[in-house]
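Here's the structure we're looking at; comments come further down.
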Amino acid sequence: MNIDILCVGKIKEKYLRDAVDEYTKRLSKYCRVSIIEVSDEKTADGQSEALDQKVKRIEGERLLKHLKDDAYKVALEIKGKELDSTELADKINRLGIDGVSRIQFIIGGSLGLDIDVIKKSDMGLSFSKMTFPHQLMRVILLEQIYRSYRIISNEPYHK
């Protein structure tokens, strides 16, 4: 399986980059992971809703350029479906059994995803009703994908 993590912005903090590298290395036993970063737009606290939408649209256009027609696309969004770890593992496993060879997980910037990206996705996935920093979300997602492959392989993993 090929797993693409499409995300807005670069990770600035070394400890988060180290965590991304660690989970990417661990996942290499199970799948091929690619992290595709698109540049983020500057935002200001208290900017108008119109400016927020413009920023999301620009970032969304950058993400849309990387979506593959043959991939199963999962948008990480607060209104998406909540799955537990076993359900995510089952979803990944089922996609592979059904012949899907690429899954693209899409993480928006600090303002979230543009509606056009959400519409192009096959599934919306929410990790919680809480809001997480988009840079940290990359680590959380990779950890859950790793946990999924451990579950699929019937290998022990911390519960």
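Convention: chains lettered A, B, ... in structure tokens order; per-chain residue numbering from 1; ligands numbered from 1 as shown.
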message = Env of A:Gln144: 12 Å cut, atoms = only C-alpha atoms, seq-sep filter 4 positions within chain, self excluded. Answer as JSON, numbers by chain.
response = {"A": [20, 23, 24, 26, 27, 83, 84, 85, 86, 87, 88, 89, 92, 105, 127, 137, 138, 139, 140, 148, 149, 150, 151, 157, 158, 159]}
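Of all the residues in stretch 60-141 of chain A, the ones DSSP labels as strand (DSSP E or B) from the backbone are A:Tyr72, A:Lys73, A:Val74, A:Ala75, A:Leu76, A:Glu77, A:Ile78, A:Lys79, A:Gly80, A:Lys81, A:Glu82, A:Arg102, A:Ile103, A:Gln104, A:Phe105, A:Ile106, A:Ile107, A:Gly109, A:Gly112, A:Met123, A:Gly124, A:Leu125, A:Ser126.
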inquiry  = Between A:Gln53, A:Gln104, A:Ser48, A:Thr131, which residue has the minimum interatomic distance to A:Leu6, considering only C-alpha atoms?
reply    = A:Gln104
Residues of stretch 33-103 of chain A within 12 Å of stretch 118-123 of chain A: nearest atom pair and distance (Å, one decimal) for each, counting only C-alpha atoms, sorted by chain and number, as a tab-separated table?
residue	atom	partner	partner_atom	distance
A:Lys56	CA	A:Ile118	CA	11.5
A:Arg57	CA	A:Ile118	CA	11.5
A:Gly60	CA	A:Ile118	CA	9.3
A:Glu61	CA	A:Lys120	CA	11.6
A:Leu63	CA	A:Lys120	CA	10.7
A:Leu64	CA	A:Lys120	CA	8.3
A:Lys65	CA	A:Lys120	CA	11.5
A:His66	CA	A:Lys120	CA	11.7
A:Leu67	CA	A:Lys120	CA	8.6
A:Lys68	CA	A:Lys120	CA	10.3
A:Asp69	CA	A:Lys120	CA	9.7
A:Asp70	CA	A:Asp122	CA	11.2
A:Ala71	CA	A:Asp122	CA	9.2
A:Tyr72	CA	A:Asp122	CA	6.2
A:Lys73	CA	A:Ser121	CA	4.8
A:Val74	CA	A:Met123	CA	4.8
A:Ala75	CA	A:Ser121	CA	6.0
A:Leu76	CA	A:Met123	CA	8.6
A:Glu77	CA	A:Ile118	CA	8.3
A:Ile78	CA	A:Ile118	CA	11.3
A:Lys79	CA	A:Ile118	CA	10.4
A:Gly80	CA	A:Met123	CA	7.4
A:Lys81	CA	A:Met123	CA	8.0
A:Glu82	CA	A:Met123	CA	10.9
A:Leu83	CA	A:Met123	CA	11.7
A:Leu88	CA	A:Met123	CA	11.9
A:Lys91	CA	A:Met123	CA	10.8
A:Leu95	CA	A:Asp122	CA	11.7
A:Ile103	CA	A:Asp122	CA	10.1
Quick one: write out the picked residues with C-alpha atoms as an mmCIF file, in the first residue's frame?
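The resulting file, again_33.cif, is shown below:
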data_model
loop_
_atom_site.group_PDB
_atom_site.id
_atom_site.type_symbol
_atom_site.label_atom_id
_atom_site.label_comp_id
_atom_site.auth_asym_id
_atom_site.auth_seq_id
_atom_site.Cartn_x
_atom_site.Cartn_y
_atom_site.Cartn_z
ATOM 1 C CA LYS A 56 -8.312 28.119 2.499
ATOM 2 C CA ARG A 57 -9.065 28.331 -1.232
ATOM 3 C CA GLY A 60 -6.833 23.990 -1.237
ATOM 4 C CA GLU A 61 -5.774 24.635 -4.835
ATOM 5 C CA LEU A 63 -3.491 20.396 -2.303
ATOM 6 C CA LEU A 64 -5.796 19.552 -5.219
ATOM 7 C CA LYS A 65 -2.808 19.461 -7.591
ATOM 8 C CA HIS A 66 -1.481 16.423 -5.694
ATOM 9 C CA LEU A 67 -4.662 14.350 -5.533
ATOM 10 C CA LYS A 68 -4.461 11.164 -7.582
ATOM 11 C CA ASP A 69 -7.515 9.864 -9.425
ATOM 12 C CA ASP A 70 -6.793 6.252 -8.454
ATOM 13 C CA ALA A 71 -6.268 7.043 -4.754
ATOM 14 C CA TYR A 72 -8.768 6.739 -1.930
ATOM 15 C CA LYS A 73 -8.795 10.251 -0.492
ATOM 16 C CA VAL A 74 -9.423 10.896 3.213
ATOM 17 C CA ALA A 75 -9.903 14.503 4.346
ATOM 18 C CA LEU A 76 -9.151 15.103 8.011
ATOM 19 C CA GLU A 77 -11.956 17.354 9.144
ATOM 20 C CA ILE A 78 -13.807 17.961 12.360
ATOM 21 C CA LYS A 79 -17.170 17.091 10.736
ATOM 22 C CA GLY A 80 -15.844 13.770 9.439
ATOM 23 C CA LYS A 81 -16.642 10.308 10.735
ATOM 24 C CA GLU A 82 -15.018 9.318 14.006
ATOM 25 C CA LEU A 83 -13.406 5.859 14.023
ATOM 26 C CA LEU A 88 -9.404 2.600 11.060
ATOM 27 C CA LYS A 91 -10.883 0.469 6.785
ATOM 28 C CA LEU A 95 -9.309 -0.837 0.985
ATOM 29 C CA ILE A 103 -4.576 6.154 0.240
#
request  = Go through chain A and collect every residue that DSSP, computed from the backbone, puts in helix (DSSP H, G or I); the answer should be as an MDAnalysis selection string.
outcome  = chainID A and resid 14:27 49:64 85:97 115:120 134:152
List every residue of stretch 27-56 of chain A that has an atom at most 12 Å from any atom of stretch 112-116 of chain A, giving for each one its closest atom pair and the distance in Å to one decimal, counting only C-alpha atoms, sorted by chain and then by ascending residue number, as JSON lines.
{"residue": "A:Asp40", "atom": "CA", "partner": "A:Gly112", "partner_atom": "CA", "distance": 11.2}
{"residue": "A:Glu41", "atom": "CA", "partner": "A:Gly112", "partner_atom": "CA", "distance": 11.9}
{"residue": "A:Asp52", "atom": "CA", "partner": "A:Gly112", "partner_atom": "CA", "distance": 9.6}
{"residue": "A:Gln53", "atom": "CA", "partner": "A:Asp114", "partner_atom": "CA", "distance": 7.5}
{"residue": "A:Lys54", "atom": "CA", "partner": "A:Asp114", "partner_atom": "CA", "distance": 9.1}
{"residue": "A:Val55", "atom": "CA", "partner": "A:Asp114", "partner_atom": "CA", "distance": 8.7}
{"residue": "A:Lys56", "atom": "CA", "partner": "A:Asp114", "partner_atom": "CA", "distance": 4.9}
What does the file look like for those residues with N, CA and C atoms, as a PDB file, in the first residue's frame?
ATOM      1  N   ASP A  40       1.939  27.149   3.057  1.00  0.00           N
ATOM      2  CA  ASP A  40       0.782  27.744   3.717  1.00  0.00           C
ATOM      3  C   ASP A  40       0.767  29.242   3.456  1.00  0.00           C
ATOM      4  N   GLU A  41      -0.400  29.821   3.664  1.00  0.00           N
ATOM      5  CA  GLU A  41      -0.588  31.262   3.515  1.00  0.00           C
ATOM      6  C   GLU A  41      -0.515  31.917   4.887  1.00  0.00           C
ATOM      7  N   ASP A  52     -10.286  34.502   5.487  1.00  0.00           N
ATOM      8  CA  ASP A  52     -10.110  33.094   5.872  1.00  0.00           C
ATOM      9  C   ASP A  52     -10.452  32.173   4.701  1.00  0.00           C
ATOM     10  N   GLN A  53     -11.575  32.432   4.047  1.00  0.00           N
ATOM     11  CA  GLN A  53     -12.002  31.596   2.916  1.00  0.00           C
ATOM     12  C   GLN A  53     -11.008  31.688   1.759  1.00  0.00           C
ATOM     13  N   LYS A  54     -10.476  32.880   1.530  1.00  0.00           N
ATOM     14  CA  LYS A  54      -9.487  33.064   0.462  1.00  0.00           C
ATOM     15  C   LYS A  54      -8.232  32.249   0.757  1.00  0.00           C
ATOM     16  N   VAL A  55      -7.764  32.280   1.996  1.00  0.00           N
ATOM     17  CA  VAL A  55      -6.581  31.514   2.397  1.00  0.00           C
ATOM     18  C   VAL A  55      -6.832  30.022   2.197  1.00  0.00           C
ATOM     19  N   LYS A  56      -7.986  29.534   2.653  1.00  0.00           N
ATOM     20  CA  LYS A  56      -8.312  28.119   2.499  1.00  0.00           C
ATOM     21  C   LYS A  56      -8.396  27.727   1.022  1.00  0.00           C
TER      22      LYS A  56
END
task = Determine, counting only C-alpha atoms, which protein, DNA and RNA residues have an atom within 6 Å of an atom of A:Arg102; residues of the same chain fewer than 3 positions away are not included. Present the result as a PyMOL selection string.
result = chain A and resi 1-3+71
message = Would you compute the distance between atom CA of A:Ile106 and atom CA of A:Cys7? Give it in Å to one decimal.
response =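 Spanning atom CA of A:Ile106 to atom CA of A:Cys7 is a straight-line distance of 5.9 Å.
The interatomic distance for the pair atom CA of A:Ile5 and atom CA of A:Ile152 works out to 19.9 Å.
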ask   = Taking only C-alpha atoms into account, which of A:Ser153, A:Gln135, A:Ser110, A:Ser101 comes nearest A:Val33?
value =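 Smallest separation from A:Val33 among the options: A:Ser101.
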query = Which distance in Å separates atom CA of A:Lys10 and atom CA of A:Ile58, to one decimal?
reply =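 These atoms are spaced 16.2 Å apart.
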key: Top pick for closest residue to A:Tyr146, considering A:Cys31, A:Asp18, A:Ile36, A:Gly9 and counting only C-alpha atoms   = A:Cys31
